[in-house]
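Enquirer: The following block contains the structure, expressed as structure tokens.
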Amino acid sequence: MSNRSLNLDDTLYGYLLAHSLREHPEQIALREATRNHPRAGMQISPEQGQFMALLVKLLGARRTIEIGVFTGYSALSVALALPDDGRILACDISDEYTGIGRSYWNRAGVAHKIELRLAPALQTLDEELAAGASGRYDFAFIDADKTGYADYYERCLQLLRPGGLIAIDNVLWSGAVAQPARDDDTRSLQALNQRLHDDERIDLSMLPVGDGLTLARKR
Ligand code: SAM
Ligand code: CA
């Protein structure tokens, strides 16, 4: 027995999924539709989607932000957890990727909760701030270009209410963050991880979920 997070082998991972996963049929269908996409590895895992859905419910979230939609699995997971008048401001630059998700959002009956903005996320977030949305959001998920994370984090922190939560994906970057950086993505993630550790505006937890998921609660 160990109190360290376990390395999951295939058998134990299968057990975890078999004893916890509760996907909507359209979540299963969207994962199937993404499985053979050349960038399928960008999609969050189903257990991470379920965890984020639980966080959204625990927060009682109504207004949320997603930065990095891809084919829409994380947005679908969060949208299913939101109340009927809940909303995701969903930011991506790819019509091609996000176009794959729309019909699944529709069939799951949550398309009306997802406002897709096809533009660089920083532009969309700055527009929201300019429109007076500071402090109006409950939850944000950051999962787009890694060199943009620091800016997304600062904007999201302004957009969240006190007690709101930011979830930041890929903070362990397949382990590369613990080694000397060889590229800009790794350097950006290392700098952000350090910055968050020192940031007194938030409560912090870095979880070995997926590729590393940091939770930052605005104080
Ligand atoms: N959360 C998604 C899921 O669970 O399937 C995965 C998101 S994927 C890792 C990253 C996404 O960020 C891609 O769809 C890409 O088009 C988008 N992206 C890249 N640069 C961006 C930018 N500057 N602004 C907004 N989206 C961006
Ligand atoms: Ca990710």
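All residue names refer to the structure tokens as shown: chains lettered A, B, ... in order, residues numbered from 1 in each chain, ligands numbered from 1 in order.
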Excluding A:Ala176 and any residue of its chain fewer than 6 positions from it, enumerate the residues within 10 Å of it, using only C-alpha atoms, and give them as a ChimeraX atom specification.
Expert: /A:182-183,185-187,189-190
Enquirer: Restricting the output to C-alpha atoms, write the selected residues as a PDB file, in the first residue's frame.
Expert:
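Writing done, so here's again_26.pdb:
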ATOM      1  CA  ARG A 182      13.472  21.769 -24.749  1.00  0.00           C
ATOM      2  CA  ASP A 183      10.618  23.775 -26.278  1.00  0.00           C
ATOM      3  CA  ASP A 185       5.333  24.741 -24.619  1.00  0.00           C
ATOM      4  CA  THR A 186       7.295  23.078 -21.802  1.00  0.00           C
ATOM      5  CA  ARG A 187       8.876  26.385 -20.748  1.00  0.00           C
ATOM      6  CA  LEU A 189       3.949  25.261 -18.513  1.00  0.00           C
ATOM      7  CA  GLN A 190       6.926  25.247 -16.139  1.00  0.00           C
TER       8      GLN A 190
END
Enquirer: What are the DSSP alpha helix (DSSP H) residues of stretch 46-171 of chain A, as an NGL selection string?
Expert: :A and (46-59 or 73-81 or 95-107 or 121-130 or 149-159)
Enquirer: Give me, as a Markdown table, each residue of chain A that comes within 12 Å of ligand 2, together with its shortest interatomic pair and the distance in Å at one decimal, counting only C-alpha atoms and all ligand atoms, with rows ordered by chain and rising residue number.
Expert:
| residue | atom | partner | partner_atom_place_in_ligand_line | distance |
| --- | --- | --- | --- | --- |
| A:Arg39 | CA | ligand 2 | 1 (Ca) | 11.1 |
| A:Ala40 | CA | ligand 2 | 1 (Ca) | 10.6 |
| A:Gly41 | CA | ligand 2 | 1 (Ca) | 8.3 |
| A:Met42 | CA | ligand 2 | 1 (Ca) | 5.4 |
| A:Gln43 | CA | ligand 2 | 1 (Ca) | 6.3 |
| A:Ile44 | CA | ligand 2 | 1 (Ca) | 5.7 |
| A:Ser45 | CA | ligand 2 | 1 (Ca) | 9.1 |
| A:Gln48 | CA | ligand 2 | 1 (Ca) | 10.2 |
| A:Gly49 | CA | ligand 2 | 1 (Ca) | 11.1 |
| A:Glu66 | CA | ligand 2 | 1 (Ca) | 11.5 |
| A:Ile67 | CA | ligand 2 | 1 (Ca) | 10.2 |
| A:Gly68 | CA | ligand 2 | 1 (Ca) | 8.2 |
| A:Val69 | CA | ligand 2 | 1 (Ca) | 9.6 |
| A:Phe70 | CA | ligand 2 | 1 (Ca) | 9.6 |
| A:Gly72 | CA | ligand 2 | 1 (Ca) | 11.9 |
| A:Tyr73 | CA | ligand 2 | 1 (Ca) | 11.1 |
| A:Ser74 | CA | ligand 2 | 1 (Ca) | 9.5 |
| A:Phe141 | CA | ligand 2 | 1 (Ca) | 9.7 |
| A:Ile142 | CA | ligand 2 | 1 (Ca) | 8.2 |
| A:Asp143 | CA | ligand 2 | 1 (Ca) | 4.9 |
| A:Ala144 | CA | ligand 2 | 1 (Ca) | 7.2 |
| A:Asp145 | CA | ligand 2 | 1 (Ca) | 9.4 |
| A:Lys146 | CA | ligand 2 | 1 (Ca) | 9.4 |
| A:Tyr149 | CA | ligand 2 | 1 (Ca) | 11.7 |
| A:Ala167 | CA | ligand 2 | 1 (Ca) | 10.7 |
| A:Ile168 | CA | ligand 2 | 1 (Ca) | 8.5 |
| A:Asp169 | CA | ligand 2 | 1 (Ca) | 5.1 |
| A:Asn170 | CA | ligand 2 | 1 (Ca) | 5.3 |
| A:Val171 | CA | ligand 2 | 1 (Ca) | 8.9 |
| A:Leu172 | CA | ligand 2 | 1 (Ca) | 10.6 |
| A:Trp173 | CA | ligand 2 | 1 (Ca) | 9.2 |
| A:Ser174 | CA | ligand 2 | 1 (Ca) | 11.0 |
| A:Val209 | CA | ligand 2 | 1 (Ca) | 10.9 |
| A:Gly210 | CA | ligand 2 | 1 (Ca) | 8.4 |
| A:Asp211 | CA | ligand 2 | 1 (Ca) | 7.3 |
| A:Gly212 | CA | ligand 2 | 1 (Ca) | 8.9 |
| A:Leu213 | CA | ligand 2 | 1 (Ca) | 9.0 |
| A:Thr214 | CA | ligand 2 | 1 (Ca) | 11.6 |
Enquirer: Any chance you can output those residues with C-alpha atoms as a PDB file, in the first residue's frame?
Expert:
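Written out: part.pdb:
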ATOM      1  CA  ARG A  39      -5.348  14.673 -33.262  1.00  0.00           C
ATOM      2  CA  ALA A  40      -7.534  12.371 -31.132  1.00  0.00           C
ATOM      3  CA  GLY A  41      -4.943  12.501 -28.333  1.00  0.00           C
ATOM      4  CA  MET A  42      -6.022  16.086 -27.622  1.00  0.00           C
ATOM      5  CA  GLN A  43      -9.389  14.950 -26.262  1.00  0.00           C
ATOM      6  CA  ILE A  44      -9.724  14.734 -22.492  1.00  0.00           C
ATOM      7  CA  SER A  45     -10.412  11.286 -21.047  1.00  0.00           C
ATOM      8  CA  GLN A  48     -11.755  13.609 -16.569  1.00  0.00           C
ATOM      9  CA  GLY A  49     -14.932  14.820 -18.264  1.00  0.00           C
ATOM     10  CA  GLU A  66     -13.870  26.735 -22.123  1.00  0.00           C
ATOM     11  CA  ILE A  67     -10.635  27.588 -23.887  1.00  0.00           C
ATOM     12  CA  GLY A  68      -9.856  24.831 -26.405  1.00  0.00           C
ATOM     13  CA  VAL A  69     -12.889  22.912 -27.642  1.00  0.00           C
ATOM     14  CA  PHE A  70     -11.487  20.533 -30.320  1.00  0.00           C
ATOM     15  CA  GLY A  72     -16.349  19.145 -28.206  1.00  0.00           C
ATOM     16  CA  TYR A  73     -16.124  16.324 -25.665  1.00  0.00           C
ATOM     17  CA  SER A  74     -15.164  18.484 -22.652  1.00  0.00           C
ATOM     18  CA  PHE A 141     -11.361  25.155 -18.284  1.00  0.00           C
ATOM     19  CA  ILE A 142      -8.073  26.038 -19.993  1.00  0.00           C
ATOM     20  CA  ASP A 143      -6.971  23.502 -22.631  1.00  0.00           C
ATOM     21  CA  ALA A 144      -5.688  25.341 -25.738  1.00  0.00           C
ATOM     22  CA  ASP A 145      -2.230  26.491 -26.941  1.00  0.00           C
ATOM     23  CA  LYS A 146       0.174  26.105 -24.023  1.00  0.00           C
ATOM     24  CA  TYR A 149      -1.965  29.673 -20.815  1.00  0.00           C
ATOM     25  CA  ALA A 167      -9.122  23.950 -14.220  1.00  0.00           C
ATOM     26  CA  ILE A 168      -5.897  23.924 -16.234  1.00  0.00           C
ATOM     27  CA  ASP A 169      -5.097  20.892 -18.372  1.00  0.00           C
ATOM     28  CA  ASN A 170      -1.798  19.210 -19.307  1.00  0.00           C
ATOM     29  CA  VAL A 171       0.196  20.788 -16.471  1.00  0.00           C
ATOM     30  CA  LEU A 172       2.469  17.716 -16.229  1.00  0.00           C
ATOM     31  CA  TRP A 173       3.016  17.601 -20.032  1.00  0.00           C
ATOM     32  CA  SER A 174       3.836  13.875 -20.176  1.00  0.00           C
ATOM     33  CA  VAL A 209      -5.418  13.270 -13.492  1.00  0.00           C
ATOM     34  CA  GLY A 210      -4.898  12.685 -17.213  1.00  0.00           C
ATOM     35  CA  ASP A 211      -1.832  14.682 -18.258  1.00  0.00           C
ATOM     36  CA  GLY A 212      -1.969  16.722 -15.045  1.00  0.00           C
ATOM     37  CA  LEU A 213      -4.863  18.938 -13.994  1.00  0.00           C
ATOM     38  CA  THR A 214      -4.422  22.007 -11.809  1.00  0.00           C
TER      39      THR A 214
END
Enquirer: Need to verify the contact set: A:Arg201, 8 Å, only C-alpha atoms, exclusion of same-chain residues closer than 2 positions in sequence. Can you return it as a list in words?
Expert: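 Counting only the stated atoms, we get Asp199, Asp203, Lys218 and Arg219 of chain A.
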Enquirer: Let me see the file: selected residues, N, CA and C atoms, as a CSV table (one decimal), in the first residue's frame.
Expert:
chain,number,residue,atom,x,y,z
A,199,ASP,N,1.1,32.0,-6.2
A,199,ASP,CA,0.0,33.0,-6.4
A,199,ASP,C,-0.9,33.0,-5.2
A,203,ASP,N,-6.5,29.4,-4.1
A,203,ASP,CA,-6.2,28.1,-3.5
A,203,ASP,C,-5.9,27.1,-4.6
A,218,LYS,N,-10.4,30.8,-7.0
A,218,LYS,CA,-10.2,32.3,-6.7
A,218,LYS,C,-10.6,32.6,-5.3
A,219,ARG,N,-9.7,33.2,-4.5
A,219,ARG,CA,-10.0,33.6,-3.2
A,219,ARG,C,-10.9,34.8,-3.1
Enquirer: How many Å separate atom 10 (C, counted along the ligand's line) of ligand 1 from atom CA of A:Val78?
Expert: 16.0 Å
Enquirer: Using only C-alpha atoms and all ligand atoms, which residue out of A:Cys91, A:Leu129, A:Leu165, A:Ala181 lies closest to ligand 1?
Expert: A:Cys91
Enquirer: Hey, which of A:Ala75, A:Ile202, A:Ala131, A:Leu116 ends up closest to ligand 1? Count only C-alpha atoms and all ligand atoms.
Expert: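 Closest to ligand 1, using only C-alpha atoms and all ligand atoms: A:Ala75.
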Enquirer: Find, counting only C-alpha atoms and all ligand atoms, the residue in A:Ala191, A:Ile28, A:Ile88, A:Leu118 that gets nearest to ligand 1.
Expert: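 Of the candidates, the smallest distance to ligand 1 is held by A:Leu118.
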Enquirer: Residues within 10 Å of A:Ala108, please, as number ranges by chain. Count only C-alpha atoms; anything in the same chain fewer than 2 positions from it doesn't count.
Expert: A: 24-27, 76, 79-80, 102-106, 110-111
Enquirer: Contacts of A:Gly135 at 9 Å or less, counting only C-alpha atoms, minus same-chain residues fewer than 2 places along, as a compact mmCIF listing (two decimals) with N, CA and C atoms, in the first residue's frame?
Expert:
# COMPACT_ATOMS: atom_id res chain seq x y z
N GLY A 132 -17.75 44.11 -19.53
CA GLY A 132 -18.12 44.23 -18.12
C GLY A 132 -18.42 42.92 -17.43
N ALA A 133 -17.84 41.81 -17.94
CA ALA A 133 -18.16 40.50 -17.37
C ALA A 133 -17.24 40.08 -16.22
N TYR A 137 -18.26 34.91 -13.90
CA TYR A 137 -18.18 33.48 -14.25
C TYR A 137 -17.87 32.62 -13.03
N ASP A 138 -18.32 31.37 -13.12
CA ASP A 138 -18.15 30.42 -12.00
C ASP A 138 -17.02 29.42 -12.23
N LEU A 157 -9.06 34.59 -14.28
CA LEU A 157 -9.11 34.99 -12.88
C LEU A 157 -9.93 36.27 -12.71
N GLN A 158 -9.79 37.18 -13.65
CA GLN A 158 -10.60 38.42 -13.59
C GLN A 158 -12.07 38.12 -13.85
N LEU A 159 -12.33 37.18 -14.75
CA LEU A 159 -13.73 36.90 -15.13
C LEU A 159 -14.48 36.10 -14.07
N LEU A 160 -13.72 35.38 -13.20
CA LEU A 160 -14.37 34.54 -12.18
C LEU A 160 -14.83 35.36 -10.99
N ARG A 161 -15.88 34.88 -10.36
CA ARG A 161 -16.30 35.40 -9.05
C ARG A 161 -15.37 34.82 -7.98
N PRO A 162 -15.28 35.47 -6.81
CA PRO A 162 -14.57 34.81 -5.70
C PRO A 162 -15.23 33.45 -5.43
N GLY A 164 -14.91 31.01 -7.47
CA GLY A 164 -14.93 30.34 -8.78
C GLY A 164 -13.67 29.52 -9.00
Enquirer: Using only C-alpha atoms and all ligand atoms, which of A:Gln50, A:Ser5, A:Asn193, A:Thr71 sits nearest ligand 1?
Expert: A:Thr71
Enquirer: Please give the complete set of residues from stretch 42-217 of chain A that DSSP, run on the backbone, assigns to strand (DSSP E), formatted as a ChimeraX atom specification.
Expert: /A:63-67,87-92,114-118,137-142,160-169,202-207,213-217
Enquirer: Quick one: of A:Ala130, A:Leu55, A:Ala33, A:Leu192, who's nearest to ligand 1, counting only C-alpha atoms and all ligand atoms?
Expert: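 Of the candidates, the smallest distance to ligand 1 is held by A:Ala33.
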Enquirer: Can you work out the spacing between atom 2 (C, counted along the ligand's line) of ligand 1 and atom CA of A:Thr11 in Å, to one decimal?
Expert: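 One can read the atom 2 (C, counted along the ligand's line) of ligand 1 to atom CA of A:Thr11 distance as 25.6 Å.
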Enquirer: Distance atom CA of A:Gln123-atom CA of A:Leu89, one decimal place?
Expert: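 It comes out at 12.6 Å.
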Enquirer: Which residues come within 9 Å of A:Leu122, counting only C-alpha atoms, excluding same-chain residues fewer than 3 positions away, as a PyMOL selection string?
Expert: chain A and resi 91+119+125-127+148+151-152+155
